[in-house]
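Asker: Sharing target.cif below, mmCIF, C-alpha atoms and all ligand atoms:
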```cif
data_coords
#
loop_
_atom_site.label_atom_id
_atom_site.label_comp_id
_atom_site.auth_asym_id
_atom_site.auth_seq_id
_atom_site.Cartn_x
_atom_site.Cartn_y
_atom_site.Cartn_z
CA MET U 17 -120.20 -224.65 62.70
CA GLU U 18 -117.66 -224.63 65.49
CA ARG U 19 -119.02 -223.04 68.68
CA LEU U 20 -116.52 -220.98 70.62
CA ASP U 21 -115.72 -220.23 74.22
CA LEU U 22 -115.67 -216.46 74.16
CA ASP U 23 -114.80 -213.81 76.73
CA MET U 24 -116.62 -210.92 75.08
CA VAL U 25 -119.02 -210.30 72.22
CA ILE U 26 -120.00 -206.97 70.75
CA LEU U 27 -123.42 -207.09 69.05
CA ASN U 28 -125.87 -204.95 67.06
CA ALA U 29 -123.45 -202.32 65.72
CA SER U 30 -125.33 -200.16 63.20
CA GLU U 31 -122.03 -199.96 61.31
CA LEU U 32 -119.05 -202.17 62.03
CA LEU U 33 -115.96 -200.77 60.29
CA THR U 34 -113.54 -203.66 59.76
CA LEU U 35 -110.87 -201.89 57.63
CA LYS U 36 -109.96 -205.41 56.54
CA GLY U 37 -107.51 -206.48 53.87
CA ALA U 38 -104.75 -203.89 54.35
CA SER U 39 -102.53 -205.44 57.00
CA HIS U 40 -99.70 -206.16 54.55
CA THR U 41 -99.74 -202.98 52.48
CA PRO U 42 -101.43 -199.69 53.36
CA LYS U 43 -104.63 -198.48 51.74
CA LEU U 44 -104.08 -196.33 48.66
CA ARG U 45 -106.20 -194.10 46.43
CA GLU U 46 -109.85 -195.22 46.10
CA ASP U 47 -109.32 -198.09 48.54
CA LEU U 48 -109.08 -195.50 51.34
CA ASN U 49 -112.85 -195.13 50.98
CA GLU U 50 -113.44 -198.86 51.54
CA LEU U 51 -114.02 -199.37 55.24
CA GLY U 52 -115.24 -202.98 54.96
CA ILE U 53 -118.53 -202.09 56.63
CA ILE U 54 -120.78 -204.79 58.11
CA GLU U 55 -124.26 -203.52 58.93
CA ASN U 56 -125.74 -204.87 62.15
CA GLY U 57 -122.29 -206.25 62.90
CA GLY U 58 -120.63 -208.00 65.80
CA VAL U 59 -117.21 -209.04 67.10
CA ALA U 60 -116.21 -212.20 68.98
CA ILE U 61 -113.27 -211.86 71.38
CA ARG U 62 -111.23 -214.33 73.40
CA GLY U 63 -108.38 -213.20 75.61
CA ASN U 64 -106.75 -210.26 73.89
CA GLN U 65 -107.67 -211.41 70.40
CA ILE U 66 -110.44 -211.05 67.85
CA LEU U 67 -111.75 -214.47 66.83
CA ALA U 68 -114.49 -213.43 64.42
CA VAL U 69 -116.06 -210.36 62.83
CA ASP U 70 -119.44 -210.86 61.20
CA THR U 71 -123.14 -209.97 61.33
CA THR U 72 -124.73 -210.00 64.79
CA LYS U 73 -126.75 -213.05 63.77
CA ASN U 74 -123.63 -215.05 62.87
CA ILE U 75 -121.66 -213.90 65.91
CA LYS U 76 -124.53 -215.03 68.20
CA ARG U 77 -124.42 -218.45 66.55
CA LEU U 78 -120.73 -218.81 67.40
CA VAL U 79 -121.27 -218.65 71.15
CA LYS U 80 -120.92 -222.05 72.79
CA PRO U 81 -124.10 -223.00 74.69
CA GLY U 82 -123.59 -222.57 78.41
CA SER U 83 -120.67 -220.18 78.02
CA ARG U 84 -121.15 -216.67 79.39
CA PRO U 85 -119.20 -214.09 77.44
CA ARG U 86 -119.55 -210.45 78.43
CA ILE U 87 -122.08 -208.95 76.02
CA ILE U 88 -121.68 -205.38 74.83
CA ASP U 89 -124.69 -204.00 73.02
CA ALA U 90 -123.66 -201.47 70.37
CA LYS U 91 -127.15 -200.71 69.11
CA ASN U 92 -127.28 -197.46 67.08
CA GLN U 93 -123.52 -197.15 67.46
CA THR U 94 -120.47 -197.43 65.21
CA VAL U 95 -117.82 -200.01 66.10
CA MET U 96 -114.33 -199.55 64.68
CA PRO U 97 -110.65 -200.31 65.30
CA GLY U 98 -108.98 -198.36 68.11
CA LEU U 99 -107.54 -195.12 66.74
CA ILE U 100 -103.81 -194.98 66.20
CA ASP U 101 -101.89 -191.74 66.69
CA PRO U 102 -98.55 -192.20 64.90
CA HIS U 103 -96.90 -188.85 65.72
CA THR U 104 -96.79 -187.28 69.18
CA HIS U 105 -94.21 -185.69 71.44
CA LEU U 106 -95.21 -187.33 74.70
CA ALA U 107 -93.48 -187.05 78.04
CA PHE U 108 -92.58 -183.40 78.39
CA ALA U 109 -92.90 -180.87 81.20
CA GLY U 110 -94.21 -177.30 81.23
CA SER U 111 -96.74 -175.59 78.99
CA ARG U 112 -96.66 -172.74 76.49
CA GLU U 113 -99.96 -170.89 76.69
CA ARG U 114 -98.07 -167.58 76.75
CA GLU U 115 -96.76 -168.34 73.29
CA PHE U 116 -100.31 -169.11 72.16
CA VAL U 117 -101.09 -165.46 72.86
CA GLN U 118 -97.89 -164.23 71.09
CA LYS U 119 -98.93 -166.26 68.06
CA ILE U 120 -102.40 -164.75 68.00
CA LYS U 121 -100.76 -161.33 68.00
CA GLY U 122 -98.77 -162.29 64.89
CA ALA U 123 -95.43 -163.90 65.89
CA THR U 124 -94.29 -166.85 63.72
CA TYR U 125 -92.87 -170.16 65.01
CA MET U 126 -89.37 -169.13 63.94
CA GLU U 127 -89.68 -165.65 65.54
CA ILE U 128 -90.77 -167.22 68.82
CA LEU U 129 -87.91 -169.74 68.59
CA GLU U 130 -85.30 -167.06 67.86
CA SER U 131 -86.49 -164.94 70.79
CA GLY U 132 -85.64 -167.84 73.14
CA GLY U 133 -89.20 -169.11 73.35
CA GLY U 134 -90.77 -172.10 71.69
CA ILE U 135 -89.13 -175.47 72.06
CA ASN U 136 -86.38 -174.13 74.36
CA VAL U 137 -88.95 -173.39 77.06
CA THR U 138 -90.07 -177.03 76.98
CA VAL U 139 -86.46 -178.26 76.91
CA LYS U 140 -85.67 -176.29 80.07
CA ALA U 141 -88.74 -177.60 81.90
CA THR U 142 -88.20 -181.19 80.75
CA ARG U 143 -84.54 -181.18 81.82
CA LYS U 144 -85.58 -179.98 85.28
CA ALA U 145 -88.23 -182.69 85.68
CA SER U 146 -87.38 -186.12 87.05
CA LYS U 147 -88.37 -189.27 85.17
CA ASN U 148 -91.14 -189.84 87.70
CA THR U 149 -92.46 -186.34 87.15
CA LEU U 150 -92.62 -187.00 83.40
CA VAL U 151 -94.53 -190.21 84.11
CA ARG U 152 -96.93 -188.39 86.42
CA LEU U 153 -97.50 -185.68 83.78
CA GLY U 154 -97.88 -188.24 80.98
CA LYS U 155 -100.63 -190.25 82.67
CA PRO U 156 -103.51 -187.75 82.31
CA THR U 157 -102.48 -187.17 78.70
CA LEU U 158 -102.74 -190.88 77.96
CA ASN U 159 -106.05 -191.05 79.85
CA ARG U 160 -107.45 -188.33 77.63
CA MET U 161 -106.16 -190.10 74.51
CA LEU U 162 -107.85 -193.31 75.62
CA GLU U 163 -111.12 -191.51 76.36
CA TYR U 164 -110.99 -190.07 72.84
CA GLY U 165 -110.52 -193.52 71.32
CA THR U 166 -106.75 -193.81 70.83
CA THR U 167 -105.37 -197.25 71.70
CA THR U 168 -101.83 -197.04 70.26
CA VAL U 169 -99.62 -193.97 70.20
CA GLU U 170 -96.14 -193.14 68.98
CA GLY U 171 -94.09 -190.92 71.30
CA LYS U 172 -90.89 -189.03 70.57
CA SER U 173 -88.07 -187.83 72.80
CA GLY U 174 -86.48 -184.54 71.78
CA TYR U 175 -87.01 -182.22 74.74
CA GLY U 176 -83.88 -183.40 76.57
CA LEU U 177 -81.27 -182.73 73.88
CA GLU U 178 -78.59 -184.09 76.19
CA PRO U 179 -77.88 -187.78 76.58
CA LYS U 180 -79.20 -188.25 80.12
CA HIS U 181 -82.32 -186.17 79.51
CA GLU U 182 -83.13 -187.84 76.19
CA TYR U 183 -82.82 -191.27 77.87
CA LYS U 184 -84.96 -190.01 80.75
CA GLN U 185 -87.78 -189.14 78.35
CA LEU U 186 -87.55 -192.57 76.71
CA PHE U 187 -87.47 -194.31 80.10
CA ALA U 188 -90.55 -192.31 81.13
CA MET U 189 -92.35 -193.57 78.02
CA ARG U 190 -91.27 -197.11 78.81
CA ASP U 191 -92.74 -196.80 82.31
CA LEU U 192 -95.95 -195.26 80.95
CA ASN U 193 -96.25 -198.10 78.47
CA LEU U 194 -96.08 -200.60 81.33
CA ILE U 195 -98.63 -198.93 83.59
CA HIS U 196 -101.14 -197.64 81.04
CA PRO U 197 -103.48 -199.61 78.74
CA ILE U 198 -102.38 -197.58 75.68
CA ASP U 199 -99.43 -199.06 73.79
CA ILE U 200 -96.61 -196.57 73.28
CA VAL U 201 -94.22 -196.95 70.34
CA PRO U 202 -91.04 -195.00 71.18
CA THR U 203 -88.99 -192.84 68.80
CA PHE U 204 -85.63 -191.24 69.54
CA MET U 205 -85.59 -187.63 68.37
CA GLY U 206 -82.44 -186.08 69.77
CA ALA U 207 -82.36 -184.25 66.42
CA HIS U 208 -85.36 -182.05 67.27
CA VAL U 209 -83.34 -178.82 67.30
CA ILE U 210 -79.68 -177.81 67.90
CA PRO U 211 -79.56 -176.99 71.63
CA THR U 212 -78.56 -173.42 72.55
CA LYS U 213 -75.24 -174.61 74.00
CA TYR U 214 -74.14 -175.96 70.60
CA LYS U 215 -75.48 -173.13 68.44
CA GLU U 216 -71.98 -172.10 67.35
CA GLN U 217 -70.72 -175.69 66.99
CA PRO U 218 -73.57 -177.74 65.57
CA GLU U 219 -71.11 -180.44 64.47
CA LYS U 220 -70.35 -181.18 68.11
CA TYR U 221 -74.01 -181.88 68.73
CA MET U 222 -74.11 -184.02 65.57
CA ASP U 223 -71.25 -186.09 67.00
CA LEU U 224 -73.08 -186.45 70.30
CA ILE U 225 -76.17 -187.77 68.53
CA ILE U 226 -74.33 -190.11 66.17
CA ASP U 227 -71.52 -191.41 68.36
CA LYS U 228 -73.18 -191.45 71.75
CA MET U 229 -76.96 -191.18 71.89
CA ILE U 230 -77.97 -193.41 68.97
CA PRO U 231 -75.75 -196.36 69.98
CA SER U 232 -76.84 -196.05 73.59
CA VAL U 233 -80.59 -195.77 72.81
CA SER U 234 -80.30 -198.79 70.55
CA LYS U 235 -78.29 -200.86 73.02
CA ARG U 236 -80.82 -200.26 75.79
CA GLY U 237 -83.75 -200.97 73.48
CA LEU U 238 -85.27 -197.57 74.25
CA ALA U 239 -86.62 -196.76 70.78
CA GLU U 240 -87.71 -198.36 67.52
CA PHE U 241 -87.49 -195.30 65.30
CA CYS U 242 -85.11 -192.38 64.83
CA ASP U 243 -86.64 -189.07 63.75
CA VAL U 244 -85.06 -185.80 62.63
CA PHE U 245 -86.45 -182.30 62.06
CA ALA U 246 -85.16 -181.59 58.55
CA GLU U 247 -85.81 -177.88 58.08
CA GLU U 248 -84.06 -174.67 57.10
CA GLY U 249 -82.22 -173.38 60.17
CA ILE U 250 -82.66 -176.66 62.07
CA PHE U 251 -81.02 -179.77 60.54
CA ASP U 252 -80.05 -179.52 56.87
CA ILE U 253 -80.51 -182.44 54.48
CA ASP U 254 -76.92 -183.65 54.77
CA GLN U 255 -77.02 -183.59 58.60
CA SER U 256 -80.44 -185.27 58.59
CA ARG U 257 -79.20 -188.00 56.27
CA ARG U 258 -76.16 -188.71 58.47
CA ILE U 259 -78.33 -188.99 61.58
CA LEU U 260 -80.93 -191.24 59.95
CA LEU U 261 -78.29 -193.54 58.44
CA ALA U 262 -76.52 -193.79 61.80
CA GLY U 263 -79.85 -194.71 63.39
CA LYS U 264 -80.53 -197.29 60.69
CA LYS U 265 -77.11 -198.85 61.27
CA HIS U 266 -78.16 -199.36 64.89
CA GLY U 267 -81.55 -200.83 64.02
CA LEU U 268 -83.65 -197.67 64.38
CA THR U 269 -86.03 -197.18 61.45
CA PRO U 270 -85.92 -193.63 60.04
CA LYS U 271 -88.76 -191.10 60.26
CA VAL U 272 -88.58 -187.50 59.05
CA HIS U 273 -90.22 -184.20 60.02
CA ALA U 274 -90.29 -183.21 56.35
CA ASP U 275 -91.12 -180.09 54.34
CA GLU U 276 -93.14 -178.48 57.12
CA MET U 277 -92.21 -174.82 56.77
CA THR U 278 -90.18 -174.73 53.56
CA THR U 279 -89.79 -176.95 50.50
CA PHE U 280 -86.60 -178.54 51.72
CA GLY U 281 -86.26 -182.02 50.22
CA GLY U 282 -87.33 -183.83 53.38
CA ALA U 283 -89.75 -186.10 51.50
CA GLU U 284 -87.05 -187.05 48.99
CA LEU U 285 -84.68 -187.82 51.87
CA ALA U 286 -87.33 -189.98 53.58
CA ALA U 287 -87.69 -192.00 50.36
CA GLU U 288 -83.94 -192.24 49.90
CA VAL U 289 -83.22 -193.65 53.37
CA GLY U 290 -86.23 -195.99 53.40
CA ALA U 291 -88.13 -194.15 56.14
CA ALA U 292 -91.30 -195.59 57.65
CA SER U 293 -92.92 -192.18 57.33
CA ALA U 294 -92.46 -188.59 56.22
CA ASP U 295 -94.45 -186.29 58.46
CA HIS U 296 -96.03 -182.79 58.06
CA LEU U 297 -95.39 -182.22 54.28
CA LEU U 298 -97.17 -178.86 54.09
CA LYS U 299 -94.60 -177.66 51.55
CA VAL U 300 -93.76 -180.98 49.84
CA SER U 301 -92.68 -180.65 46.18
CA LYS U 302 -94.03 -182.60 43.20
CA GLN U 303 -90.76 -184.60 43.11
CA GLY U 304 -91.15 -185.24 46.82
CA ILE U 305 -94.64 -186.68 46.29
CA ARG U 306 -93.37 -188.88 43.47
CA ALA U 307 -90.50 -190.16 45.63
CA LEU U 308 -92.87 -191.03 48.52
CA ALA U 309 -95.20 -192.89 46.14
CA LYS U 310 -92.36 -194.81 44.55
CA LYS U 311 -90.97 -196.02 47.86
CA GLN U 312 -94.40 -196.30 49.56
CA VAL U 313 -93.32 -194.12 52.48
CA VAL U 314 -96.35 -193.28 54.64
CA ALA U 315 -97.20 -189.56 54.62
CA VAL U 316 -98.28 -188.71 58.17
CA LEU U 317 -100.35 -185.54 57.93
CA LEU U 318 -100.83 -183.31 60.99
CA PRO U 319 -103.64 -180.85 60.29
CA ALA U 320 -103.89 -179.77 63.96
CA THR U 321 -100.36 -178.36 63.65
CA ALA U 322 -101.35 -176.42 60.54
CA LEU U 323 -104.29 -175.12 62.58
CA VAL U 324 -102.15 -173.88 65.47
CA LEU U 325 -99.57 -172.38 63.09
CA MET U 326 -102.54 -170.64 61.43
CA GLU U 327 -101.36 -171.86 58.03
CA LYS U 328 -103.52 -170.98 55.04
CA GLU U 329 -102.35 -173.99 53.06
CA TYR U 330 -102.57 -177.44 54.62
CA ALA U 331 -100.65 -180.49 53.37
CA PRO U 332 -101.76 -181.47 49.85
CA ALA U 333 -103.68 -184.58 50.88
CA ARG U 334 -105.57 -184.84 47.58
CA ASP U 335 -102.36 -184.75 45.49
CA LEU U 336 -100.71 -187.30 47.80
CA ILE U 337 -103.69 -189.66 47.61
CA LYS U 338 -104.06 -189.24 43.84
CA SER U 339 -100.33 -190.00 43.39
CA GLY U 340 -100.58 -193.27 45.32
CA VAL U 341 -98.82 -192.18 48.53
CA PRO U 342 -100.15 -194.00 51.62
CA VAL U 343 -101.66 -191.31 53.84
CA ALA U 344 -102.05 -191.40 57.64
CA LEU U 345 -103.18 -188.82 60.21
CA ALA U 346 -101.83 -187.92 63.66
CA THR U 347 -102.31 -185.27 66.35
CA ASP U 348 -98.68 -184.10 66.71
CA TYR U 349 -99.59 -183.70 70.40
CA ASN U 350 -96.89 -181.39 71.84
CA PRO U 351 -96.75 -178.15 73.88
CA ASN U 352 -97.34 -176.15 70.70
CA CYS U 353 -100.24 -178.34 69.49
CA MET U 354 -102.22 -179.25 72.57
CA THR U 355 -104.77 -181.78 71.48
CA GLU U 356 -105.08 -185.49 72.17
CA SER U 357 -108.13 -185.84 69.93
CA MET U 358 -107.85 -187.89 66.74
CA GLN U 359 -111.55 -187.09 66.23
CA LEU U 360 -110.69 -183.39 65.90
CA VAL U 361 -107.82 -184.28 63.56
CA MET U 362 -110.25 -186.18 61.33
CA THR U 363 -112.58 -183.17 61.16
CA LEU U 364 -109.65 -180.92 60.20
CA ALA U 365 -108.53 -183.46 57.58
CA CYS U 366 -112.00 -183.41 56.04
CA LEU U 367 -112.60 -179.66 56.09
CA ASN U 368 -109.09 -178.34 55.42
CA MET U 369 -107.54 -181.11 53.31
CA ARG U 370 -110.76 -182.31 51.67
CA MET U 371 -110.37 -185.91 52.74
CA THR U 372 -113.64 -187.85 52.93
CA PRO U 373 -114.74 -189.16 56.34
CA ALA U 374 -113.89 -192.69 55.15
CA GLU U 375 -110.41 -191.63 54.00
CA ALA U 376 -109.82 -189.90 57.34
CA ILE U 377 -110.83 -193.08 59.19
CA SER U 378 -108.53 -195.31 57.08
CA ALA U 379 -105.74 -192.78 57.73
CA SER U 380 -106.34 -192.90 61.50
CA THR U 381 -106.48 -196.67 61.81
CA ILE U 382 -104.81 -199.14 59.44
CA ASN U 383 -102.60 -196.64 57.60
CA ALA U 384 -101.55 -195.06 60.89
CA ALA U 385 -100.59 -198.57 62.04
CA HIS U 386 -98.37 -198.91 58.96
CA ALA U 387 -96.58 -195.66 59.86
CA ILE U 388 -95.36 -197.26 63.10
CA ALA U 389 -94.93 -200.88 61.93
CA ARG U 390 -97.94 -202.20 63.88
CA ALA U 391 -100.29 -203.13 61.01
CA HIS U 392 -99.78 -206.87 61.63
CA LEU U 393 -101.20 -206.39 65.13
CA VAL U 394 -103.74 -203.53 65.15
CA GLY U 395 -105.51 -201.02 62.89
CA SER U 396 -108.30 -203.30 61.62
CA LEU U 397 -110.91 -205.66 63.03
CA GLU U 398 -109.98 -209.08 61.65
CA PRO U 399 -109.52 -212.56 63.14
CA ASN U 400 -106.20 -212.99 64.99
CA LYS U 401 -105.65 -209.28 65.45
CA GLN U 402 -105.47 -207.71 68.90
CA ALA U 403 -108.92 -206.72 70.16
CA ASP U 404 -108.39 -202.92 70.19
CA ILE U 405 -111.88 -201.59 69.53
CA VAL U 406 -113.72 -198.30 69.88
CA ILE U 407 -117.49 -197.97 70.14
CA MET U 408 -118.61 -194.54 68.99
CA ASN U 409 -122.01 -193.17 69.93
CA VAL U 410 -122.88 -192.30 66.32
CA PRO U 411 -125.16 -194.12 63.86
CA ASN U 412 -122.61 -194.09 61.01
CA HIS U 413 -118.97 -193.25 60.37
CA SER U 414 -119.54 -189.86 58.66
CA HIS U 415 -120.92 -188.52 61.94
CA ILE U 416 -117.48 -188.80 63.55
CA PRO U 417 -115.86 -185.85 61.70
CA TYR U 418 -119.20 -184.18 60.89
CA HIS U 419 -120.29 -183.59 64.51
CA PHE U 420 -117.13 -182.03 65.92
CA GLY U 421 -115.83 -180.51 69.13
CA VAL U 422 -117.41 -183.29 71.20
CA ASN U 423 -116.27 -186.76 72.15
CA HIS U 424 -118.24 -189.58 70.51
CA VAL U 425 -116.50 -192.42 72.34
CA ASN U 426 -118.80 -194.62 74.38
CA LYS U 427 -116.44 -197.52 75.11
CA VAL U 428 -112.83 -198.49 74.45
CA ILE U 429 -111.70 -202.10 74.49
CA LYS U 430 -107.94 -202.52 74.67
CA ALA U 431 -106.41 -205.98 74.13
CA GLY U 432 -109.77 -207.59 74.90
CA LYS U 433 -110.44 -205.65 78.11
CA LEU U 434 -112.88 -202.82 78.66
CA ALA U 435 -110.44 -199.93 79.26
CA TYR U 436 -112.86 -197.00 79.20
CA SER U 437 -116.60 -196.55 79.39
CA ALA U 438 -118.45 -193.24 79.21
CA GLN U 439 -121.22 -194.49 81.49
ZN ZN U 501 -93.49 -183.54 65.50
#
```
For the structure just supplied, provide its representation as structure tokens.
Answerer:
Amino acid sequence: MERLDLDMVILNASELLTLKGASHTPKLREDLNELGIIENGGVAIRGNQILAVDTTKNIKRLVKPGSRPRIIDAKNQTVMPGLIDPHTHLAFAGSREREFVQKIKGATYMEILESGGGINVTVKATRKASKNTLVRLGKPTLNRMLEYGTTTVEGKSGYGLEPKHEYKQLFAMRDLNLIHPIDIVPTFMGAHVIPTKYKEQPEKYMDLIIDKMIPSVSKRGLAEFCDVFAEEGIFDIDQSRRILLAGKKHGLTPKVHADEMTTFGGAELAAEVGAASADHLLKVSKQGIRALAKKQVVAVLLPATALVLMEKEYAPARDLIKSGVPVALATDYNPNCMTESMQLVMTLACLNMRMTPAEAISASTINAAHAIARAHLVGSLEPNKQADIVIMNVPNHSHIPYHFGVNHVNKVIKAGKLAYSAQ
């Protein structure tokens, strides 16, 4: 056996969740329950890469005599891939706790929006903030995400709604990506809502997105994806299609906020334009589910949003899984859904969408990586993948969603380096 010069070894994990074998295509149906568990497992790391994943006994044998890798003892703990949060609205200013109270008293999202509240409050605050302010505000958010086990996050613009302010949000994410251990995958979402100024002439705002913002975002390399909020009273299907196709023409892969509040055809549109993901899907139709399955569009489900909207019906995770749609989970972190915790999202997925703990974990790791085109790099613990690893202070994976409202993370390793430790 070849002995290796290693920088770090993790040993004695009571359960090591590899999530192996799904880097090319996402996990579907029953396979979502297969976590590739190694009992008493270990990981061998060199530089930023995983070299081997095996039993502790075999990992110990790999270490070259005389070499001194850093040893991390994961006794009685669960070791798993870093969590991936494939849908957030990072880099905004202001907060909306007042609206939280309005909501409790019975106002709906649309009522709050129409009364000049909601997203417009965040747009105003974000426009006022400088890029450096957005960076300063984003840092503690990313720190909390890291502490809760997230190692890769997608972030959307969409609180600027004017060229310079949309670019500012994307530049802020670029800066955050450079200074913070978490990897940020940027999405342009100028089509978050029609800004107040263009309420009477939405076509003018459409032109601004299609003719100015998309080409400019693409030229400057500020985003990989282009997202649109396809919803009654926001962007209709025809407008959404035009925006997504314009993005695609400029190299931005489509994503869709689909069928969140009404059955609107957003899932069908996502399938039609070859989107990487269709997100929300609380009101997705049967045809919509079939279309997502056929085109293997990842359904990114956001149960924390359903929680804050106090929805009775969550997204139909069981129907989606049964139909062969790849399912992922995300926080939807934004001023209306203030949580950075993928652990909480997993609990909500289990209790309100009846996903098993194993399904929720697959959906928060390898399938989440597929939703943002990172599955070749992260989302599972396999040789040659980036060493993004979370050590949870729980004896087995079911404890993660079962024991909720607390943080189980003991250590986070990002690209081979210890990025967070609870002790
Ligand atoms: Zn969103």
Asker: Which residues come within 12 Å of Asn74 in chain U, counting all atoms listed in the file, excluding same-chain residues fewer than 2 positions away, as a list in words?
Answerer: Met17, Glu18, Arg19, Val25, Ile26, Leu27, Asn28, Ile54, Asn56, Gly57, Gly58, Val59, Ala60, Ala68, Val69, Asp70, Thr71, Thr72, Lys76, Arg77, Leu78 and Val79 of chain U
Asker: Any idea what's packed within 12 Å of Arg190 in chain U, counting only C-alpha atoms, ignoring anything in its chain fewer than 2 positions away? Could you give it as an MDAnalysis selection string?
Answerer: chainID U and resid 106:107 147:148 150:151 154 170:173 183:188 192:196 198:203 236:240
Asker: If the limit is 10 Å from any atom of ligand ZN 501 (chain U), counting all atoms listed in the file, which residues qualify? Return them as number ranges by chain.
Answerer: U: 103-105, 171-172, 174, 205, 208, 243-245, 272-274, 276, 295-296, 318, 321, 346-350, 352-353
Asker: Show me, as lines of an AutoDock Vina configuration file, the centre and edge lengths in Å to one decimal of the axis-aligned box that covers every listed atom of range 290-301 of chain U with 6 Å on each side.
Answerer:
```
center_x = -91.7
center_y = -186.8
center_z = 52.3
size_x = 22.9
size_y = 30.3
size_z = 24.3
```
Asker: Just the residues within 9 Å of Ile226 in chain U, please, counting all atoms listed in the file, with nothing from its chain fewer than 3 positions along; format it as a PyMOL selection string.
Answerer: chain U and resi 221-223+229-231+258-259+262-263
Asker: Can you measure CA of Ala109 in chain U to CA of Lys213 in chain U for me? One decimal in Å is fine.
Answerer: 20.1 Å
Asker: So how far away is CA of Gly421 in chain U from CA of Val137 in chain U, in Å?
Answerer: 28.9 Å
Asker: Would you please work out which residue, of U:Glu356, U:Asp191, U:Glu248, U:Glu219, is nearest to Thr149 in chain U when using all atoms listed in the file?
Answerer: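 Comparing U:Glu356, U:Asp191, U:Glu248, U:Glu219 against Thr149 in chain U, the winner is U:Asp191.
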Asker: Distance cut-off 9 Å, centre (-108.6, -213.4, 72.5) in file coordinates, counting only C-alpha atoms: which residues qualify? Return them as a VMD selection string.
Answerer: chain U and resid 22 to 24 60 to 67 400 to 403 431 to 432
